[in-house]
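Raw work-v9.cif, mmCIF, N, CA and C atoms and all ligand atoms:
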data_input
#
loop_
_atom_site.label_atom_id
_atom_site.label_comp_id
_atom_site.auth_asym_id
_atom_site.auth_seq_id
_atom_site.Cartn_x
_atom_site.Cartn_y
_atom_site.Cartn_z
N MET A 1 -7.00 6.67 29.15
CA MET A 1 -7.25 7.31 27.84
C MET A 1 -6.18 8.36 27.55
N LYS A 2 -5.88 9.15 28.60
CA LYS A 2 -4.90 10.22 28.42
C LYS A 2 -3.50 9.67 28.15
N THR A 3 -3.16 8.62 28.89
CA THR A 3 -1.82 8.03 28.71
C THR A 3 -1.70 7.38 27.34
N GLY A 4 -2.82 6.82 26.84
CA GLY A 4 -2.80 6.21 25.53
C GLY A 4 -2.45 7.20 24.44
N LYS A 5 -3.02 8.37 24.57
CA LYS A 5 -2.76 9.42 23.58
C LYS A 5 -1.30 9.85 23.65
N LYS A 6 -0.80 9.93 24.88
CA LYS A 6 0.58 10.34 25.09
C LYS A 6 1.53 9.33 24.44
N ARG A 7 1.16 8.06 24.58
CA ARG A 7 2.01 7.02 24.01
C ARG A 7 2.07 7.15 22.48
N ILE A 8 0.92 7.47 21.88
CA ILE A 8 0.89 7.65 20.43
C ILE A 8 1.76 8.83 20.01
N GLN A 9 1.70 9.91 20.80
CA GLN A 9 2.52 11.09 20.48
C GLN A 9 4.00 10.74 20.56
N GLY A 10 4.37 9.96 21.58
CA GLY A 10 5.75 9.54 21.74
C GLY A 10 6.21 8.69 20.58
N ARG A 11 5.31 7.82 20.12
CA ARG A 11 5.62 6.96 18.99
C ARG A 11 5.80 7.79 17.72
N ASP A 12 4.90 8.76 17.54
CA ASP A 12 5.01 9.63 16.38
C ASP A 12 6.31 10.40 16.39
N PHE A 13 6.72 10.84 17.58
CA PHE A 13 7.97 11.57 17.73
C PHE A 13 9.14 10.71 17.27
N LEU A 14 9.12 9.46 17.71
CA LEU A 14 10.17 8.51 17.36
C LEU A 14 10.23 8.30 15.85
N PHE A 15 9.04 8.14 15.25
CA PHE A 15 9.02 7.86 13.82
C PHE A 15 9.29 9.11 12.98
N ASN A 16 9.02 10.29 13.58
CA ASN A 16 9.40 11.51 12.88
C ASN A 16 10.92 11.62 12.80
N LYS A 17 11.59 11.18 13.86
CA LYS A 17 13.06 11.11 13.86
C LYS A 17 13.53 10.14 12.79
N LEU A 18 12.85 8.99 12.74
CA LEU A 18 13.19 7.96 11.78
C LEU A 18 13.04 8.48 10.34
N LYS A 19 12.01 9.32 10.15
CA LYS A 19 11.77 9.93 8.85
C LYS A 19 12.97 10.77 8.42
N THR A 20 13.52 11.53 9.37
CA THR A 20 14.69 12.36 9.09
C THR A 20 15.88 11.48 8.74
N ILE A 21 16.08 10.43 9.53
CA ILE A 21 17.20 9.52 9.28
C ILE A 21 17.05 8.88 7.90
N ALA A 22 15.82 8.45 7.58
CA ALA A 22 15.55 7.82 6.29
C ALA A 22 15.85 8.78 5.14
N SER A 23 15.41 10.04 5.29
CA SER A 23 15.65 11.03 4.24
C SER A 23 17.15 11.25 4.05
N LEU A 24 17.87 11.33 5.16
CA LEU A 24 19.32 11.53 5.09
C LEU A 24 20.00 10.34 4.43
N SER A 25 19.49 9.16 4.72
CA SER A 25 20.04 7.95 4.13
C SER A 25 19.87 7.95 2.61
N ILE A 26 18.66 8.36 2.16
CA ILE A 26 18.40 8.44 0.72
C ILE A 26 19.32 9.47 0.08
N LEU A 27 19.42 10.63 0.75
CA LEU A 27 20.24 11.73 0.24
C LEU A 27 21.70 11.29 0.12
N THR A 28 22.20 10.63 1.17
CA THR A 28 23.58 10.15 1.16
C THR A 28 23.80 9.17 0.01
N GLY A 29 22.82 8.26 -0.15
CA GLY A 29 22.90 7.28 -1.23
C GLY A 29 22.98 7.95 -2.59
N VAL A 30 22.14 8.96 -2.80
CA VAL A 30 22.11 9.68 -4.08
C VAL A 30 23.45 10.39 -4.31
N LEU A 31 23.95 11.04 -3.26
CA LEU A 31 25.23 11.75 -3.37
C LEU A 31 26.37 10.78 -3.69
N LEU A 32 26.33 9.61 -3.05
CA LEU A 32 27.36 8.60 -3.31
C LEU A 32 27.27 8.09 -4.74
N LEU A 33 26.03 7.96 -5.24
CA LEU A 33 25.83 7.53 -6.63
C LEU A 33 26.46 8.52 -7.59
N ILE A 34 26.25 9.82 -7.29
CA ILE A 34 26.81 10.87 -8.14
C ILE A 34 28.34 10.81 -8.09
N ALA A 35 28.88 10.64 -6.87
CA ALA A 35 30.32 10.55 -6.69
C ALA A 35 30.88 9.33 -7.41
N ASN A 36 30.10 8.25 -7.33
CA ASN A 36 30.51 7.00 -7.97
C ASN A 36 30.56 7.14 -9.49
N ALA A 37 29.65 7.95 -10.02
CA ALA A 37 29.61 8.17 -11.46
C ALA A 37 30.91 8.83 -11.93
N ASP A 38 31.53 9.57 -11.03
CA ASP A 38 32.82 10.19 -11.33
C ASP A 38 33.97 9.21 -11.20
N GLU A 39 33.66 8.04 -10.71
CA GLU A 39 34.64 6.98 -10.47
C GLU A 39 35.72 7.40 -9.49
N THR A 40 35.32 8.31 -8.59
CA THR A 40 36.24 8.71 -7.53
C THR A 40 36.34 7.60 -6.49
N PHE A 41 35.16 7.05 -6.18
CA PHE A 41 35.11 5.94 -5.23
C PHE A 41 34.59 4.71 -5.94
N ASN A 42 34.86 3.59 -5.36
CA ASN A 42 34.22 2.38 -5.86
C ASN A 42 33.47 1.73 -4.71
N LEU A 43 32.21 2.10 -4.59
CA LEU A 43 31.45 1.69 -3.41
C LEU A 43 30.49 0.53 -3.70
N TYR A 44 30.56 0.00 -4.89
CA TYR A 44 29.70 -1.12 -5.27
C TYR A 44 28.22 -0.82 -4.99
N LYS A 45 27.64 -1.60 -4.08
CA LYS A 45 26.19 -1.49 -3.91
C LYS A 45 25.79 -0.61 -2.75
N VAL A 46 26.74 -0.01 -2.07
CA VAL A 46 26.42 0.78 -0.88
C VAL A 46 25.37 1.87 -1.15
N PRO A 47 25.52 2.68 -2.21
CA PRO A 47 24.51 3.72 -2.44
C PRO A 47 23.11 3.16 -2.64
N TYR A 48 23.01 2.03 -3.37
CA TYR A 48 21.70 1.43 -3.62
C TYR A 48 21.07 0.93 -2.32
N ILE A 49 21.93 0.33 -1.48
CA ILE A 49 21.43 -0.17 -0.20
C ILE A 49 20.91 0.99 0.65
N LEU A 50 21.68 2.09 0.67
CA LEU A 50 21.26 3.26 1.44
C LEU A 50 19.93 3.81 0.94
N ILE A 51 19.79 3.89 -0.39
CA ILE A 51 18.57 4.45 -0.97
C ILE A 51 17.37 3.54 -0.70
N ILE A 52 17.56 2.24 -0.93
CA ILE A 52 16.45 1.31 -0.73
C ILE A 52 16.05 1.23 0.74
N ALA A 53 17.06 1.13 1.62
CA ALA A 53 16.77 1.07 3.06
C ALA A 53 16.08 2.36 3.51
N GLY A 54 16.55 3.49 2.98
CA GLY A 54 15.95 4.78 3.31
C GLY A 54 14.50 4.85 2.90
N PHE A 55 14.22 4.37 1.69
CA PHE A 55 12.84 4.37 1.19
C PHE A 55 11.92 3.51 2.04
N VAL A 56 12.42 2.32 2.38
CA VAL A 56 11.62 1.40 3.20
C VAL A 56 11.32 2.04 4.55
N LEU A 57 12.35 2.61 5.18
CA LEU A 57 12.18 3.27 6.48
C LEU A 57 11.22 4.45 6.37
N LEU A 58 11.36 5.21 5.29
CA LEU A 58 10.51 6.39 5.10
C LEU A 58 9.05 5.99 4.97
N ILE A 59 8.79 4.95 4.17
CA ILE A 59 7.41 4.50 3.97
C ILE A 59 6.83 3.96 5.27
N ILE A 60 7.65 3.19 6.01
CA ILE A 60 7.17 2.65 7.29
C ILE A 60 6.82 3.79 8.24
N SER A 61 7.71 4.79 8.34
CA SER A 61 7.44 5.87 9.29
C SER A 61 6.26 6.72 8.85
N LEU A 62 6.08 6.86 7.52
CA LEU A 62 4.91 7.61 7.04
C LEU A 62 3.62 6.85 7.36
N LEU A 63 3.67 5.53 7.20
CA LEU A 63 2.48 4.72 7.48
C LEU A 63 2.11 4.80 8.95
N VAL A 64 3.12 4.91 9.82
CA VAL A 64 2.85 4.94 11.25
C VAL A 64 2.39 6.33 11.70
N THR A 65 3.03 7.38 11.19
CA THR A 65 2.74 8.72 11.71
C THR A 65 1.52 9.37 11.08
N ASN A 66 1.20 9.01 9.84
CA ASN A 66 0.02 9.60 9.23
C ASN A 66 -1.20 8.74 9.55
N HIS A 67 -2.32 9.38 9.71
CA HIS A 67 -3.48 8.63 10.18
C HIS A 67 -4.62 8.57 9.16
N GLU A 68 -4.32 8.87 7.90
CA GLU A 68 -5.34 8.75 6.88
C GLU A 68 -5.76 7.28 6.76
N LYS A 69 -7.02 7.09 6.39
CA LYS A 69 -7.56 5.73 6.33
C LYS A 69 -6.89 4.90 5.24
N HIS A 70 -6.71 5.53 4.09
CA HIS A 70 -6.17 4.78 2.97
C HIS A 70 -4.65 4.74 3.01
N LEU A 71 -4.08 3.58 2.74
CA LEU A 71 -2.64 3.41 2.83
C LEU A 71 -1.88 4.33 1.87
N LEU A 72 -2.42 4.49 0.66
CA LEU A 72 -1.74 5.35 -0.31
C LEU A 72 -1.76 6.81 0.13
N CYS A 73 -2.85 7.22 0.80
CA CYS A 73 -2.94 8.57 1.31
C CYS A 73 -1.89 8.80 2.40
N ARG A 74 -1.64 7.76 3.19
CA ARG A 74 -0.68 7.89 4.29
C ARG A 74 0.73 8.19 3.78
N ILE A 75 1.07 7.66 2.63
CA ILE A 75 2.41 7.95 2.12
C ILE A 75 2.37 9.15 1.16
N GLY A 76 1.27 9.88 1.22
CA GLY A 76 1.20 11.16 0.49
C GLY A 76 0.69 11.05 -0.93
N LEU A 77 0.25 9.85 -1.33
CA LEU A 77 -0.25 9.69 -2.69
C LEU A 77 -1.76 9.86 -2.71
N HIS A 78 -2.20 11.10 -2.58
CA HIS A 78 -3.64 11.37 -2.60
C HIS A 78 -4.14 11.40 -4.04
N ARG A 79 -5.43 11.17 -4.16
CA ARG A 79 -6.02 11.28 -5.50
C ARG A 79 -6.90 12.53 -5.52
N PHE A 80 -6.29 13.63 -5.94
CA PHE A 80 -7.01 14.91 -5.88
C PHE A 80 -7.90 15.11 -7.10
N VAL A 81 -9.10 15.58 -6.83
CA VAL A 81 -9.98 16.00 -7.91
C VAL A 81 -10.40 17.43 -7.65
N GLN A 82 -10.59 18.18 -8.71
CA GLN A 82 -10.98 19.57 -8.55
C GLN A 82 -12.43 19.65 -8.07
N VAL A 83 -12.64 20.34 -6.96
CA VAL A 83 -14.00 20.41 -6.44
C VAL A 83 -14.57 21.82 -6.46
N ASP A 84 -13.69 22.81 -6.39
CA ASP A 84 -14.21 24.17 -6.28
C ASP A 84 -13.14 25.17 -6.73
N ARG A 85 -13.55 26.42 -6.72
CA ARG A 85 -12.63 27.48 -7.05
C ARG A 85 -12.54 28.39 -5.83
N ASP A 86 -11.35 28.90 -5.53
CA ASP A 86 -11.18 29.76 -4.38
C ASP A 86 -12.04 31.01 -4.54
N SER A 87 -12.72 31.37 -3.45
CA SER A 87 -13.65 32.49 -3.54
C SER A 87 -12.94 33.84 -3.64
N GLU A 88 -11.70 33.91 -3.11
CA GLU A 88 -10.98 35.19 -3.13
C GLU A 88 -9.99 35.30 -4.28
N VAL A 89 -9.29 34.20 -4.53
CA VAL A 89 -8.29 34.23 -5.61
C VAL A 89 -8.78 33.36 -6.77
N PRO A 90 -9.21 33.97 -7.86
CA PRO A 90 -9.82 33.22 -8.96
C PRO A 90 -8.88 32.20 -9.61
N ALA A 91 -7.56 32.46 -9.56
CA ALA A 91 -6.62 31.54 -10.20
C ALA A 91 -6.39 30.27 -9.37
N LEU A 92 -6.85 30.32 -8.12
CA LEU A 92 -6.67 29.16 -7.25
C LEU A 92 -7.85 28.22 -7.35
N PHE A 93 -7.56 26.95 -7.45
CA PHE A 93 -8.61 25.95 -7.48
C PHE A 93 -8.52 25.08 -6.24
N VAL A 94 -9.65 24.63 -5.78
CA VAL A 94 -9.67 23.77 -4.60
C VAL A 94 -9.75 22.32 -5.05
N TYR A 95 -8.83 21.54 -4.54
CA TYR A 95 -8.80 20.11 -4.87
C TYR A 95 -9.08 19.32 -3.60
N GLN A 96 -9.76 18.20 -3.79
CA GLN A 96 -10.05 17.35 -2.64
C GLN A 96 -9.70 15.90 -2.99
N CYS A 97 -9.11 15.21 -2.00
CA CYS A 97 -8.76 13.81 -2.24
C CYS A 97 -10.03 12.96 -2.21
N GLU A 98 -10.17 12.13 -3.23
CA GLU A 98 -11.35 11.25 -3.33
C GLU A 98 -11.42 10.25 -2.18
N ARG A 99 -10.24 9.87 -1.69
CA ARG A 99 -10.20 8.80 -0.70
C ARG A 99 -10.35 9.30 0.73
N CYS A 100 -9.57 10.34 1.11
CA CYS A 100 -9.57 10.73 2.52
C CYS A 100 -10.19 12.10 2.76
N GLY A 101 -10.51 12.82 1.68
CA GLY A 101 -11.17 14.11 1.86
C GLY A 101 -10.24 15.27 2.15
N LYS A 102 -8.92 15.02 2.12
CA LYS A 102 -7.95 16.09 2.36
C LYS A 102 -8.06 17.14 1.24
N GLU A 103 -8.04 18.40 1.66
CA GLU A 103 -8.18 19.47 0.68
C GLU A 103 -6.85 20.18 0.46
N LYS A 104 -6.66 20.66 -0.75
CA LYS A 104 -5.52 21.54 -1.01
C LYS A 104 -5.93 22.55 -2.06
N LYS A 105 -5.23 23.69 -2.02
CA LYS A 105 -5.48 24.71 -3.02
C LYS A 105 -4.27 24.80 -3.93
N ALA A 106 -4.51 24.94 -5.19
CA ALA A 106 -3.39 25.02 -6.12
C ALA A 106 -3.78 25.81 -7.34
N MET A 107 -2.77 26.37 -7.98
CA MET A 107 -3.00 27.02 -9.25
C MET A 107 -3.31 25.92 -10.27
N LYS A 108 -4.17 26.21 -11.18
CA LYS A 108 -4.49 25.21 -12.17
C LYS A 108 -3.28 25.00 -13.09
N SER A 109 -2.93 23.73 -13.28
CA SER A 109 -1.79 23.47 -14.15
C SER A 109 -2.28 23.14 -15.55
N PHE A 110 -1.63 23.70 -16.53
CA PHE A 110 -2.07 23.48 -17.90
C PHE A 110 -1.17 22.50 -18.62
ZN ZN B 1 -6.03 11.22 0.43
#
Entire entry expressed as C-alpha cells:
Amino acid sequence: MKTGKKRIQGRDFLFNKLKTIASLSILTGVLLLIANADETFNLYKVPYILIIAGFVLLIISLLVTNHEKHLLCRIGLHRFVQVDRDSEVPALFVYQCERCGKEKKAMKSF
C-alpha cells in the first residue's frame, strides 16, 4: 500500500515536470508566432506545432496529476456556482464547483 502511494507521487512528479515543459513549449510557440509576424524568421508551421504539442502535453499531464472525478475539472474547467458569502469579508463570495465540490472565494464580478 505504501509503495503504491509512493509510485503515484513519483508519477505526479514526472508529469509536473512535463507540465513545465509543455508550458514552455506553448510559450516558445507564441513567441515564435510574434517573431514570425515581424517576418524576421520564416518558420512555417513550427510555432503551431509547438503550441499544439504543448497543449496536448499540458492536458495529458493535468489529467494525470489532478484527481478530480470529472475530466473537465481535472483540466481546471470547474463549474462554479455561488453558494455563500464570506463571513468576515462581505465583498467576498464563496463559489463551489457543481461537479467536484471544489470551493473558491472571489470578489463578485459585475
Ligand atoms: Zn470542479
**Request:** Please write as a ChimeraX atom specification the list of polymer residues whose atoms come within 7 Å of (-9.2, 20.9, -6.0), counting only N, CA and C atoms and keeping to the coordinates of the file.
**Result:** /A:80-84,93-97,103-106
Expressed in Å, the length from atom N of Lys19 (chain A) to atom C of Lys6 (chain A) is 17.7 Å
Mind dumping a table of every chain A residue within 6 Å of ligand ZN 1 (chain B), with the nearest atom pair and its distance in Å to one decimal, using only C-alpha atoms and all ligand atoms, sorted by chain and rising number, as JSON lines?
{"residue": "A:Cys73", "atom": "CA", "partner": "B:ZN1", "partner_atom": "ZN", "distance": 4.2}
{"residue": "A:His78", "atom": "CA", "partner": "B:ZN1", "partner_atom": "ZN", "distance": 3.9}
{"residue": "A:Arg79", "atom": "CA", "partner": "B:ZN1", "partner_atom": "ZN", "distance": 5.9}
{"residue": "A:Cys97", "atom": "CA", "partner": "B:ZN1", "partner_atom": "ZN", "distance": 4.6}
{"residue": "A:Arg99", "atom": "CA", "partner": "B:ZN1", "partner_atom": "ZN", "distance": 5.0}
{"residue": "A:Cys100", "atom": "CA", "partner": "B:ZN1", "partner_atom": "ZN", "distance": 4.1}
{"residue": "A:Lys102", "atom": "CA", "partner": "B:ZN1", "partner_atom": "ZN", "distance": 5.6}
Practice problem: Using only C-alpha atoms, give me every residue within 12 Å of (1.8, 7.3, -1.8) in file coordinates, as an MDAnalysis selection string. | Solution: chainID A and resid 55 58:60 62:63 66 68 70:79
Next, write the just-selected residues to a file, as a PDB file, in the coordinates of the input, keeping N, CA and C atoms as the atom set.
ATOM      1  N   PHE A  55      14.220   4.370   1.690  1.00  0.00           N
ATOM      2  CA  PHE A  55      12.840   4.370   1.190  1.00  0.00           C
ATOM      3  C   PHE A  55      11.920   3.510   2.040  1.00  0.00           C
ATOM      4  N   LEU A  58      11.360   5.210   5.290  1.00  0.00           N
ATOM      5  CA  LEU A  58      10.510   6.390   5.100  1.00  0.00           C
ATOM      6  C   LEU A  58       9.050   5.990   4.970  1.00  0.00           C
ATOM      7  N   ILE A  59       8.790   4.950   4.170  1.00  0.00           N
ATOM      8  CA  ILE A  59       7.410   4.500   3.970  1.00  0.00           C
ATOM      9  C   ILE A  59       6.830   3.960   5.270  1.00  0.00           C
ATOM     10  N   ILE A  60       7.650   3.190   6.010  1.00  0.00           N
ATOM     11  CA  ILE A  60       7.170   2.650   7.290  1.00  0.00           C
ATOM     12  C   ILE A  60       6.820   3.790   8.240  1.00  0.00           C
ATOM     13  N   LEU A  62       6.080   6.860   7.520  1.00  0.00           N
ATOM     14  CA  LEU A  62       4.910   7.610   7.040  1.00  0.00           C
ATOM     15  C   LEU A  62       3.620   6.850   7.360  1.00  0.00           C
ATOM     16  N   LEU A  63       3.670   5.530   7.200  1.00  0.00           N
ATOM     17  CA  LEU A  63       2.480   4.720   7.480  1.00  0.00           C
ATOM     18  C   LEU A  63       2.110   4.800   8.950  1.00  0.00           C
ATOM     19  N   ASN A  66       1.200   9.010   9.840  1.00  0.00           N
ATOM     20  CA  ASN A  66       0.020   9.600   9.230  1.00  0.00           C
ATOM     21  C   ASN A  66      -1.200   8.740   9.550  1.00  0.00           C
ATOM     22  N   GLU A  68      -4.320   8.870   7.900  1.00  0.00           N
ATOM     23  CA  GLU A  68      -5.340   8.750   6.880  1.00  0.00           C
ATOM     24  C   GLU A  68      -5.760   7.280   6.760  1.00  0.00           C
ATOM     25  N   HIS A  70      -6.710   5.530   4.090  1.00  0.00           N
ATOM     26  CA  HIS A  70      -6.170   4.780   2.970  1.00  0.00           C
ATOM     27  C   HIS A  70      -4.650   4.740   3.010  1.00  0.00           C
ATOM     28  N   LEU A  71      -4.080   3.580   2.740  1.00  0.00           N
ATOM     29  CA  LEU A  71      -2.640   3.410   2.830  1.00  0.00           C
ATOM     30  C   LEU A  71      -1.880   4.330   1.870  1.00  0.00           C
ATOM     31  N   LEU A  72      -2.420   4.490   0.660  1.00  0.00           N
ATOM     32  CA  LEU A  72      -1.740   5.350  -0.310  1.00  0.00           C
ATOM     33  C   LEU A  72      -1.760   6.810   0.130  1.00  0.00           C
ATOM     34  N   CYS A  73      -2.850   7.220   0.800  1.00  0.00           N
ATOM     35  CA  CYS A  73      -2.940   8.570   1.310  1.00  0.00           C
ATOM     36  C   CYS A  73      -1.890   8.800   2.400  1.00  0.00           C
ATOM     37  N   ARG A  74      -1.640   7.760   3.190  1.00  0.00           N
ATOM     38  CA  ARG A  74      -0.680   7.890   4.290  1.00  0.00           C
ATOM     39  C   ARG A  74       0.730   8.190   3.780  1.00  0.00           C
ATOM     40  N   ILE A  75       1.070   7.660   2.630  1.00  0.00           N
ATOM     41  CA  ILE A  75       2.410   7.950   2.120  1.00  0.00           C
ATOM     42  C   ILE A  75       2.370   9.150   1.160  1.00  0.00           C
ATOM     43  N   GLY A  76       1.270   9.880   1.220  1.00  0.00           N
ATOM     44  CA  GLY A  76       1.200  11.160   0.490  1.00  0.00           C
ATOM     45  C   GLY A  76       0.690  11.050  -0.930  1.00  0.00           C
ATOM     46  N   LEU A  77       0.250   9.850  -1.330  1.00  0.00           N
ATOM     47  CA  LEU A  77      -0.250   9.690  -2.690  1.00  0.00           C
ATOM     48  C   LEU A  77      -1.760   9.860  -2.710  1.00  0.00           C
ATOM     49  N   HIS A  78      -2.200  11.100  -2.580  1.00  0.00           N
ATOM     50  CA  HIS A  78      -3.640  11.370  -2.600  1.00  0.00           C
ATOM     51  C   HIS A  78      -4.140  11.400  -4.040  1.00  0.00           C
ATOM     52  N   ARG A  79      -5.430  11.170  -4.160  1.00  0.00           N
ATOM     53  CA  ARG A  79      -6.020  11.280  -5.500  1.00  0.00           C
ATOM     54  C   ARG A  79      -6.900  12.530  -5.520  1.00  0.00           C
TER      55      ARG A  79
END
Within 12 Å of Asp12 (chain A), counting only C-alpha atoms, which residues qualify if same-chain residues fewer than 2 places away don't, as a PyMOL selection string?
chain A and resi 5-10+14-19+60-67
Would you put the residues from that selection into a file with N, CA and C atoms, as a compact mmCIF listing (two decimals), keeping the file's coordinate frame?
# COMPACT_ATOMS: atom_id res chain seq x y z
N LYS A 5 -3.02 8.37 24.57
CA LYS A 5 -2.76 9.42 23.58
C LYS A 5 -1.30 9.85 23.65
N LYS A 6 -0.80 9.93 24.88
CA LYS A 6 0.58 10.34 25.09
C LYS A 6 1.53 9.33 24.44
N ARG A 7 1.16 8.06 24.58
CA ARG A 7 2.01 7.02 24.01
C ARG A 7 2.07 7.15 22.48
N ILE A 8 0.92 7.47 21.88
CA ILE A 8 0.89 7.65 20.43
C ILE A 8 1.76 8.83 20.01
N GLN A 9 1.70 9.91 20.80
CA GLN A 9 2.52 11.09 20.48
C GLN A 9 4.00 10.74 20.56
N GLY A 10 4.37 9.96 21.58
CA GLY A 10 5.75 9.54 21.74
C GLY A 10 6.21 8.69 20.58
N LEU A 14 9.12 9.46 17.71
CA LEU A 14 10.17 8.51 17.36
C LEU A 14 10.23 8.30 15.85
N PHE A 15 9.04 8.14 15.25
CA PHE A 15 9.02 7.86 13.82
C PHE A 15 9.29 9.11 12.98
N ASN A 16 9.02 10.29 13.58
CA ASN A 16 9.40 11.51 12.88
C ASN A 16 10.92 11.62 12.80
N LYS A 17 11.59 11.18 13.86
CA LYS A 17 13.06 11.11 13.86
C LYS A 17 13.53 10.14 12.79
N LEU A 18 12.85 8.99 12.74
CA LEU A 18 13.19 7.96 11.78
C LEU A 18 13.04 8.48 10.34
N LYS A 19 12.01 9.32 10.15
CA LYS A 19 11.77 9.93 8.85
C LYS A 19 12.97 10.77 8.42
N ILE A 60 7.65 3.19 6.01
CA ILE A 60 7.17 2.65 7.29
C ILE A 60 6.82 3.79 8.24
N SER A 61 7.71 4.79 8.34
CA SER A 61 7.44 5.87 9.29
C SER A 61 6.26 6.72 8.85
N LEU A 62 6.08 6.86 7.52
CA LEU A 62 4.91 7.61 7.04
C LEU A 62 3.62 6.85 7.36
N LEU A 63 3.67 5.53 7.20
CA LEU A 63 2.48 4.72 7.48
C LEU A 63 2.11 4.80 8.95
N VAL A 64 3.12 4.91 9.82
CA VAL A 64 2.85 4.94 11.25
C VAL A 64 2.39 6.33 11.70
N THR A 65 3.03 7.38 11.19
CA THR A 65 2.74 8.72 11.71
C THR A 65 1.52 9.37 11.08
N ASN A 66 1.20 9.01 9.84
CA ASN A 66 0.02 9.60 9.23
C ASN A 66 -1.20 8.74 9.55
N HIS A 67 -2.32 9.38 9.71
CA HIS A 67 -3.48 8.63 10.18
C HIS A 67 -4.62 8.57 9.16
